[in-house]
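Trainee: Quick one, query.cif (mmCIF, C-alpha atoms):
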```
data_my_file
#
loop_
_atom_site.label_atom_id
_atom_site.label_comp_id
_atom_site.auth_asym_id
_atom_site.auth_seq_id
_atom_site.Cartn_x
_atom_site.Cartn_y
_atom_site.Cartn_z
CA MET A 231 28.01 13.55 -7.89
CA GLN A 232 24.81 12.38 -6.29
CA LYS A 233 22.68 15.12 -4.74
CA ASP A 234 21.70 15.00 -1.06
CA ILE A 235 18.47 13.09 -0.82
CA GLU A 236 16.78 12.51 2.50
CA GLU A 237 14.38 9.88 3.67
CA VAL A 238 11.11 11.21 5.05
CA ILE A 239 8.42 9.55 7.14
CA PHE A 240 4.73 10.43 7.21
CA ASP A 241 3.45 11.13 10.71
CA GLU A 242 -0.23 10.29 10.83
CA ASN A 243 -0.64 11.52 14.39
CA LYS A 244 0.33 15.09 13.63
CA GLN A 245 -2.07 16.06 10.88
CA GLY A 246 -0.08 14.51 8.10
CA VAL A 247 3.26 16.15 8.65
CA PHE A 248 6.40 14.70 7.10
CA TYR A 249 9.50 14.21 9.19
CA LYS A 250 13.11 13.75 8.23
CA ARG A 251 15.24 11.19 10.06
CA SER A 252 16.57 14.08 12.13
CA ARG A 253 12.94 14.72 13.27
CA ASP A 254 12.89 18.10 11.49
CA ILE A 255 9.70 18.79 9.61
CA TYR A 256 9.92 18.41 5.84
CA ASP A 257 7.73 20.56 3.65
CA GLY A 258 7.58 19.32 0.09
CA LEU A 259 5.33 18.33 -2.77
CA ARG A 260 4.84 14.87 -4.11
CA ILE A 261 6.23 14.64 -7.62
CA SER A 262 6.05 10.96 -8.53
CA THR A 263 4.02 7.80 -8.68
CA ILE A 264 5.44 4.74 -6.91
CA LYS A 265 8.94 4.15 -8.29
CA SER A 266 10.57 0.77 -7.87
CA SER A 267 13.98 -0.72 -8.33
CA GLN A 268 15.59 -4.11 -7.85
CA THR A 269 19.09 -5.51 -8.03
CA LYS A 270 20.16 -6.92 -11.37
CA TYR A 271 22.23 -9.70 -9.90
CA GLY A 272 22.10 -11.89 -6.81
CA CYS A 273 23.86 -10.81 -3.66
CA TYR A 274 25.43 -12.61 -0.68
CA SER A 275 23.50 -10.65 1.98
CA PRO A 276 19.87 -9.50 2.13
CA ILE A 277 20.86 -6.15 3.66
CA VAL A 278 23.45 -5.44 0.98
CA ALA A 279 20.94 -6.45 -1.69
CA GLU A 280 18.36 -4.02 -0.29
CA ASN A 281 20.90 -1.20 -0.11
CA LEU A 282 21.99 -1.79 -3.70
CA ALA A 283 18.37 -1.59 -4.82
CA LEU A 284 17.94 1.66 -2.90
CA GLU A 285 21.08 3.12 -4.45
CA SER A 286 19.76 2.36 -7.89
CA LEU A 287 16.39 3.89 -6.99
CA LEU A 288 17.99 7.09 -5.76
CA LYS A 289 19.56 7.58 -9.18
CA LYS A 290 16.02 7.92 -10.48
CA CYS A 291 15.55 10.62 -7.83
CA GLU A 292 18.10 12.78 -9.60
CA GLU A 293 16.31 12.53 -12.92
CA LEU A 294 13.18 13.90 -11.25
CA ASP A 295 15.11 16.53 -9.29
CA ALA A 296 13.66 15.19 -6.05
CA ASP A 297 15.22 15.91 -2.67
CA ALA A 298 13.30 13.44 -0.49
CA TYR A 299 11.83 9.97 -0.70
CA GLU A 300 9.44 7.90 1.34
CA ILE A 301 9.95 4.14 1.23
CA VAL A 302 6.68 2.31 0.74
CA SER A 303 8.10 -1.21 0.58
CA SER A 304 11.50 -2.86 0.59
CA GLY A 305 13.08 -6.22 1.15
CA ALA A 306 15.06 -9.06 -0.34
CA THR A 307 13.98 -12.33 -1.91
CA ASP A 308 15.88 -15.59 -1.48
CA SER A 309 16.42 -17.89 -4.48
CA ARG A 310 16.40 -20.87 -2.07
CA GLN A 311 18.91 -22.71 -4.21
CA GLU A 312 21.19 -24.70 -1.96
CA TYR A 313 24.45 -23.97 -3.80
CA ASP A 314 23.71 -20.37 -4.75
CA SER A 315 26.34 -18.19 -3.05
CA ASN A 316 24.46 -15.01 -4.05
CA PRO A 317 20.84 -15.91 -3.43
CA TYR A 318 19.43 -12.49 -2.46
CA GLN A 319 17.71 -10.02 -4.78
CA GLY A 320 16.86 -6.65 -3.24
CA TYR A 321 13.83 -4.52 -4.08
CA VAL A 322 12.70 -1.06 -2.98
CA SER A 323 9.68 1.11 -3.84
CA ALA A 324 9.38 4.77 -2.93
CA ILE A 325 7.52 8.02 -3.54
CA PHE A 326 9.60 11.10 -4.36
CA TYR A 327 9.13 14.65 -3.08
CA ARG A 328 10.57 18.08 -3.84
CA LYS A 329 10.76 21.06 -1.51
CA ARG A 330 8.19 23.76 -2.10
CA THR A 331 9.57 26.79 -3.89
CA LYS A 332 8.70 29.95 -2.05
CA MET B 115 -51.81 -10.00 10.56
CA ILE B 116 -50.01 -7.13 12.29
CA LEU B 117 -47.85 -9.61 14.12
CA ILE B 118 -46.85 -11.28 10.86
CA LEU B 119 -46.02 -7.85 9.38
CA ILE B 120 -43.86 -6.91 12.37
CA LYS B 121 -42.13 -10.29 12.24
CA ASP B 122 -41.47 -9.81 8.54
CA MET B 123 -40.05 -6.32 9.09
CA PHE B 124 -37.82 -7.58 11.86
CA GLN B 125 -36.49 -10.35 9.62
CA GLN B 126 -35.76 -7.84 6.86
CA TYR B 127 -33.95 -5.59 9.33
CA SER B 128 -31.85 -8.52 10.57
CA ILE B 129 -30.84 -9.46 7.02
CA VAL B 130 -29.77 -5.88 6.21
CA LYS B 131 -27.92 -5.58 9.51
CA GLU B 132 -26.10 -8.85 8.88
CA ARG B 133 -25.16 -7.79 5.34
CA ASN B 134 -23.87 -4.39 6.47
CA LYS B 135 -21.66 -6.08 9.02
CA PHE B 136 -19.56 -7.49 6.19
CA MET B 137 -19.83 -4.63 3.72
CA VAL B 138 -16.91 -2.32 3.17
CA LYS B 139 -17.88 1.35 3.37
CA GLU B 140 -17.88 3.44 0.19
CA ILE B 141 -14.25 3.91 -0.69
CA SER B 142 -12.61 4.48 -4.07
CA GLU B 143 -9.22 3.67 -5.49
CA ILE B 144 -7.16 6.65 -6.54
CA ILE B 145 -3.86 6.92 -8.37
CA PHE B 146 -1.23 9.63 -8.66
CA ASP B 147 -1.15 11.37 -12.03
CA LYS B 148 2.35 12.61 -12.72
CA ASP B 149 1.22 14.93 -15.52
CA ILE B 150 -0.92 17.03 -13.23
CA ASN B 151 0.99 16.20 -10.04
CA GLY B 152 -2.20 15.24 -8.31
CA LEU B 153 -4.47 12.39 -7.37
CA ILE B 154 -7.23 11.14 -9.64
CA TYR B 155 -9.92 8.47 -9.34
CA LYS B 156 -8.72 5.29 -11.05
CA LYS B 157 -12.09 4.58 -12.69
CA SER B 158 -13.44 7.98 -13.69
CA LYS B 159 -10.07 9.80 -14.00
CA GLU B 160 -11.65 12.78 -12.23
CA LEU B 161 -9.52 14.85 -9.88
CA TYR B 162 -9.61 13.76 -6.23
CA HIS B 163 -9.63 16.53 -3.62
CA GLY B 164 -8.56 15.17 -0.28
CA ASN B 165 -5.77 14.80 2.22
CA ARG B 166 -3.52 11.97 3.14
CA ILE B 167 -4.43 10.63 6.56
CA SER B 168 -2.26 7.54 7.00
CA GLY B 169 1.19 6.10 6.58
CA ILE B 170 1.64 2.86 4.66
CA VAL B 171 -0.89 0.35 5.94
CA SER B 172 -0.15 -3.26 4.98
CA LYS B 173 -1.72 -6.66 5.26
CA SER B 174 -0.40 -10.08 4.35
CA LEU B 175 -2.57 -13.20 4.25
CA GLY B 176 -2.43 -16.71 2.82
CA TRP B 177 -5.16 -18.02 0.49
CA ALA B 178 -5.98 -21.27 -1.26
CA SER B 179 -6.34 -19.72 -4.71
CA ARG B 180 -4.21 -17.15 -6.50
CA ASN B 181 -7.27 -15.50 -8.08
CA GLU B 182 -8.93 -14.52 -4.84
CA ALA B 183 -5.73 -13.69 -2.91
CA LYS B 184 -5.35 -9.99 -3.79
CA ASP B 185 -9.00 -8.94 -3.83
CA ASN B 186 -9.82 -10.66 -0.57
CA THR B 187 -6.76 -9.31 1.23
CA LEU B 188 -7.53 -5.80 0.03
CA GLU B 189 -11.16 -6.10 1.14
CA LEU B 190 -10.12 -7.19 4.62
CA LEU B 191 -7.53 -4.44 4.82
CA LEU B 192 -10.15 -1.82 3.94
CA LYS B 193 -12.64 -3.32 6.37
CA GLU B 194 -10.11 -3.31 9.22
CA ASN B 195 -9.33 0.37 8.66
CA GLU B 196 -12.89 1.66 8.39
CA GLY B 197 -12.30 3.58 11.60
CA LEU B 198 -10.02 6.00 9.75
CA ASP B 199 -13.06 7.31 7.86
CA ALA B 200 -11.14 7.36 4.62
CA ASP B 201 -12.98 7.78 1.34
CA ALA B 202 -10.09 6.89 -0.95
CA TYR B 203 -7.01 4.71 -1.00
CA GLU B 204 -3.93 4.37 -3.16
CA ILE B 205 -2.27 0.97 -3.59
CA VAL B 206 1.48 1.37 -3.10
CA SER B 207 2.52 -2.26 -3.15
CA SER B 208 0.82 -5.49 -4.09
CA TYR B 209 2.22 -8.93 -4.76
CA ILE B 210 1.56 -12.64 -4.32
CA SER B 211 4.21 -15.07 -3.19
CA ASP B 212 3.69 -18.76 -3.79
CA CYS B 213 4.85 -20.91 -0.91
CA TRP B 214 5.80 -23.80 -3.19
CA GLN B 215 6.48 -26.27 -0.39
CA ASP B 216 2.79 -26.18 0.42
CA TYR B 217 1.71 -26.22 -3.22
CA HIS B 218 1.30 -29.98 -3.39
CA ALA B 219 -0.51 -29.97 -0.10
CA VAL B 220 -3.35 -27.98 -1.66
CA HIS B 221 -4.35 -31.07 -3.64
CA ILE B 222 -4.46 -33.18 -0.52
CA ASP B 223 -5.65 -30.59 1.98
CA PRO B 224 -8.24 -28.17 0.60
CA GLU B 225 -7.61 -25.88 3.56
CA ALA B 226 -3.97 -25.26 2.55
CA LYS B 227 -3.24 -21.60 1.79
CA PRO B 228 -0.04 -21.40 -0.23
CA TYR B 229 -0.71 -18.04 -1.96
CA ARG B 230 0.32 -15.19 0.29
CA ALA B 231 -0.92 -11.80 -0.89
CA THR B 232 0.72 -8.69 0.52
CA ILE B 233 -0.91 -5.33 -0.07
CA GLY B 234 0.12 -1.88 1.11
CA VAL B 235 -2.12 1.19 0.81
CA ILE B 236 -2.23 4.86 1.78
CA PHE B 237 -5.57 6.25 2.97
CA TYR B 238 -7.01 9.65 2.03
CA SER B 239 -9.99 11.62 3.20
CA SER B 240 -11.81 14.59 1.76
CA GLN B 241 -13.48 15.20 5.12
CA ARG B 242 -10.64 15.21 7.59
CA LYS B 243 -8.39 18.25 7.56
CA SER B 244 -4.67 17.75 7.20
CA THR B 245 -1.66 19.89 6.48
CA THR B 246 -0.16 17.05 4.51
CA THR B 247 2.44 17.68 1.89
CA GLY B 248 1.63 14.33 0.36
CA GLN B 249 0.06 15.72 -2.78
#
```
Please re-express this file's structure in structure tokens.

Mentor:
Amino acid sequence: MQKDIEEVIFDENKQGVFYKRSRDIYDGLRISTIKSSQTKYGCYSPIVAENLALESLLKKCEELDADAYEIVSSGATDSRQEYDSNPYQGYVSAIFYRKRTK
Amino acid sequence: MILILIKDMFQQYSIVKERNKFMVKEISEIIFDKDINGLIYKKSKELYHGNRISGIVSKSLGWASRNEAKDNTLELLLKENEGLDADAYEIVSSYISDCWQDYHAVHIDPEAKPYRATIGVIFYSSQRKSTTTGQ
């Protein structure tokens, strides 16, 4: 089973504090370089493609025992082939964090 | 004679002032070292002591040549964010997309800019205090 991993956002206005989506403060340590992932096959929708890439990236999170990630770039590319029913490839890059042990 | 000297000094000052206008302030590239869980200077590999002061700052611009696309975009990005007073930056994303429809136009129109470079960086400062957990 996949562990709970939360997305965090850096708040540059509040002395570099990290926030969770719920607006709670996250206190963790950076444990990775920039990790990237992309879909292996084309997809019918750019949003689905991006989500698939994220899912694959979060599997890497488990290997590192991370509990939070910050997305640094994400998107989907279009093959622009007229008869391609699955033209979208998703990609995501993120930095992983782990809660401080007290 | 004195007048010539003053004129000469003024010219020198103008040249330096003009050059500084386009110069990017001293700023170094740093990378995250996973073995030590910390940031190091890319060139010297020495440990960087500083705090993260920005989110992901990105810039995307079209250029006529692939070679200059990344360096020039990065230089402009750093120049635009001088106000942050950062002394280091980490590149988090960097790529060039080739707008192939315009590719042929480059041969006809030298002003065409088919190579779009997109660069994202995080800024750090060893001066500004921060309670960041980013490192």

Trainee: Could you write out as a count of residues only the residues that the PyMOL selection byres ((chain A) within 6 of (chain B)) matches in the shown file?

Mentor: 11

Trainee: Might you pull out every residue within 12 Å of stretch 272-277 of chain A, with all atoms listed in the file counted and same-chain residues fewer than 4 positions away left off, and present them as a ChimeraX atom specification?

Mentor: /A:268,281-284,304-311,313-322

Trainee: Generate the output file for the selected residues, C-alpha atoms, as an mmCIF file, in the coordinates of the input.

Mentor:
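Result saved to part14.cif:
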```
data_model
loop_
_atom_site.group_PDB
_atom_site.id
_atom_site.type_symbol
_atom_site.label_atom_id
_atom_site.label_comp_id
_atom_site.auth_asym_id
_atom_site.auth_seq_id
_atom_site.Cartn_x
_atom_site.Cartn_y
_atom_site.Cartn_z
ATOM 1 C CA GLN A 268 15.590 -4.110 -7.850
ATOM 2 C CA ASN A 281 20.900 -1.200 -0.110
ATOM 3 C CA LEU A 282 21.990 -1.790 -3.700
ATOM 4 C CA ALA A 283 18.370 -1.590 -4.820
ATOM 5 C CA LEU A 284 17.940 1.660 -2.900
ATOM 6 C CA SER A 304 11.500 -2.860 0.590
ATOM 7 C CA GLY A 305 13.080 -6.220 1.150
ATOM 8 C CA ALA A 306 15.060 -9.060 -0.340
ATOM 9 C CA THR A 307 13.980 -12.330 -1.910
ATOM 10 C CA ASP A 308 15.880 -15.590 -1.480
ATOM 11 C CA SER A 309 16.420 -17.890 -4.480
ATOM 12 C CA ARG A 310 16.400 -20.870 -2.070
ATOM 13 C CA GLN A 311 18.910 -22.710 -4.210
ATOM 14 C CA TYR A 313 24.450 -23.970 -3.800
ATOM 15 C CA ASP A 314 23.710 -20.370 -4.750
ATOM 16 C CA SER A 315 26.340 -18.190 -3.050
ATOM 17 C CA ASN A 316 24.460 -15.010 -4.050
ATOM 18 C CA PRO A 317 20.840 -15.910 -3.430
ATOM 19 C CA TYR A 318 19.430 -12.490 -2.460
ATOM 20 C CA GLN A 319 17.710 -10.020 -4.780
ATOM 21 C CA GLY A 320 16.860 -6.650 -3.240
ATOM 22 C CA TYR A 321 13.830 -4.520 -4.080
ATOM 23 C CA VAL A 322 12.700 -1.060 -2.980
#
```

Trainee: Nearest to A:Cys291: which of A:Lys250, A:Glu237, A:Val278, A:Asn243 is it, counting all atoms listed in the file?

Mentor: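 Using all atoms listed in the file, the shortest distance to A:Cys291 belongs to A:Glu237.
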
Trainee: State, in Å with one decimal place, the distance from atom CA of B:Glu140 to atom CA of B:Asp185.

Mentor: 15.8 Å

Trainee: State, in Å with one decimal place, the distance from atom CA of A:Ser266 to atom CA of B:Ser211.

Mentor: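 Atom-to-atom, atom CA of A:Ser266 to atom CA of B:Ser211, that is 17.7 Å.
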
Trainee: Which polymer residues have any atom within 6 Å of an atom of A:Ile301, counting all atoms listed in the file, with same-chain residues fewer than 2 positions away left out, as a ChimeraX atom specification?

Mentor: /A:303,323-324

Trainee: Can you translate the PyMOL selection byres ((chain B and resi 240) around 8) into the concrete residues it hits in this file, as an mmCIF file with C-alpha atoms, in the coordinates of the input?

Mentor:
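Once everything was written out, this is out_0.cif:
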```cif
data_model
loop_
_atom_site.group_PDB
_atom_site.id
_atom_site.type_symbol
_atom_site.label_atom_id
_atom_site.label_comp_id
_atom_site.auth_asym_id
_atom_site.auth_seq_id
_atom_site.Cartn_x
_atom_site.Cartn_y
_atom_site.Cartn_z
ATOM 1 C CA HIS B 163 -9.630 16.530 -3.620
ATOM 2 C CA GLY B 164 -8.560 15.170 -0.280
ATOM 3 C CA ASN B 165 -5.770 14.800 2.220
ATOM 4 C CA ALA B 200 -11.140 7.360 4.620
ATOM 5 C CA ASP B 201 -12.980 7.780 1.340
ATOM 6 C CA TYR B 238 -7.010 9.650 2.030
ATOM 7 C CA SER B 239 -9.990 11.620 3.200
ATOM 8 C CA GLN B 241 -13.480 15.200 5.120
ATOM 9 C CA ARG B 242 -10.640 15.210 7.590
ATOM 10 C CA LYS B 243 -8.390 18.250 7.560
#
```

Trainee: With all atoms of stretch 285-288 of chain A from the file as input, state the centre and edge lengths in Å to one decimal of the axis-aligned box that has 6 Å extra on each side, as AutoDock Vina command-line options.

Mentor:
```
--center_x 18.7 --center_y 4.7 --center_z -6.2 --size_x 16.7 --size_y 16.7 --size_z 15.4
```

Trainee: What is the atom CA of B:Lys173-atom CA of A:Ala279 distance in Å, reported with one decimal?

Mentor: 23.7 Å

Trainee: Compile the contact shell of B:Ser179 as a PyMOL selection string: residues with an atom at most 8 Å away, counting only C-alpha atoms, same-chain residues fewer than 2 positions apart removed.

Mentor: chain B and resi 177+181-183+227-229

Trainee: Restricted to C-alpha atoms, what would the selected residues look like written as a PDB file, in the frame of the given file?

Mentor:
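After the write, result-v8.pdb holds the following:
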```pdb
ATOM      1  CA  TRP B 177      -5.160 -18.020   0.490  1.00  0.00           C
ATOM      2  CA  ASN B 181      -7.270 -15.500  -8.080  1.00  0.00           C
ATOM      3  CA  GLU B 182      -8.930 -14.520  -4.840  1.00  0.00           C
ATOM      4  CA  ALA B 183      -5.730 -13.690  -2.910  1.00  0.00           C
ATOM      5  CA  LYS B 227      -3.240 -21.600   1.790  1.00  0.00           C
ATOM      6  CA  PRO B 228      -0.040 -21.400  -0.230  1.00  0.00           C
ATOM      7  CA  TYR B 229      -0.710 -18.040  -1.960  1.00  0.00           C
TER       8      TYR B 229
END
```

Trainee: Considering only C-alpha atoms, state which residue in the set A:Lys270, A:Arg251, A:Arg330, A:Lys265 is at the smallest distance from A:Ile235.

Mentor: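 The closest residue to A:Ile235 is A:Arg251.
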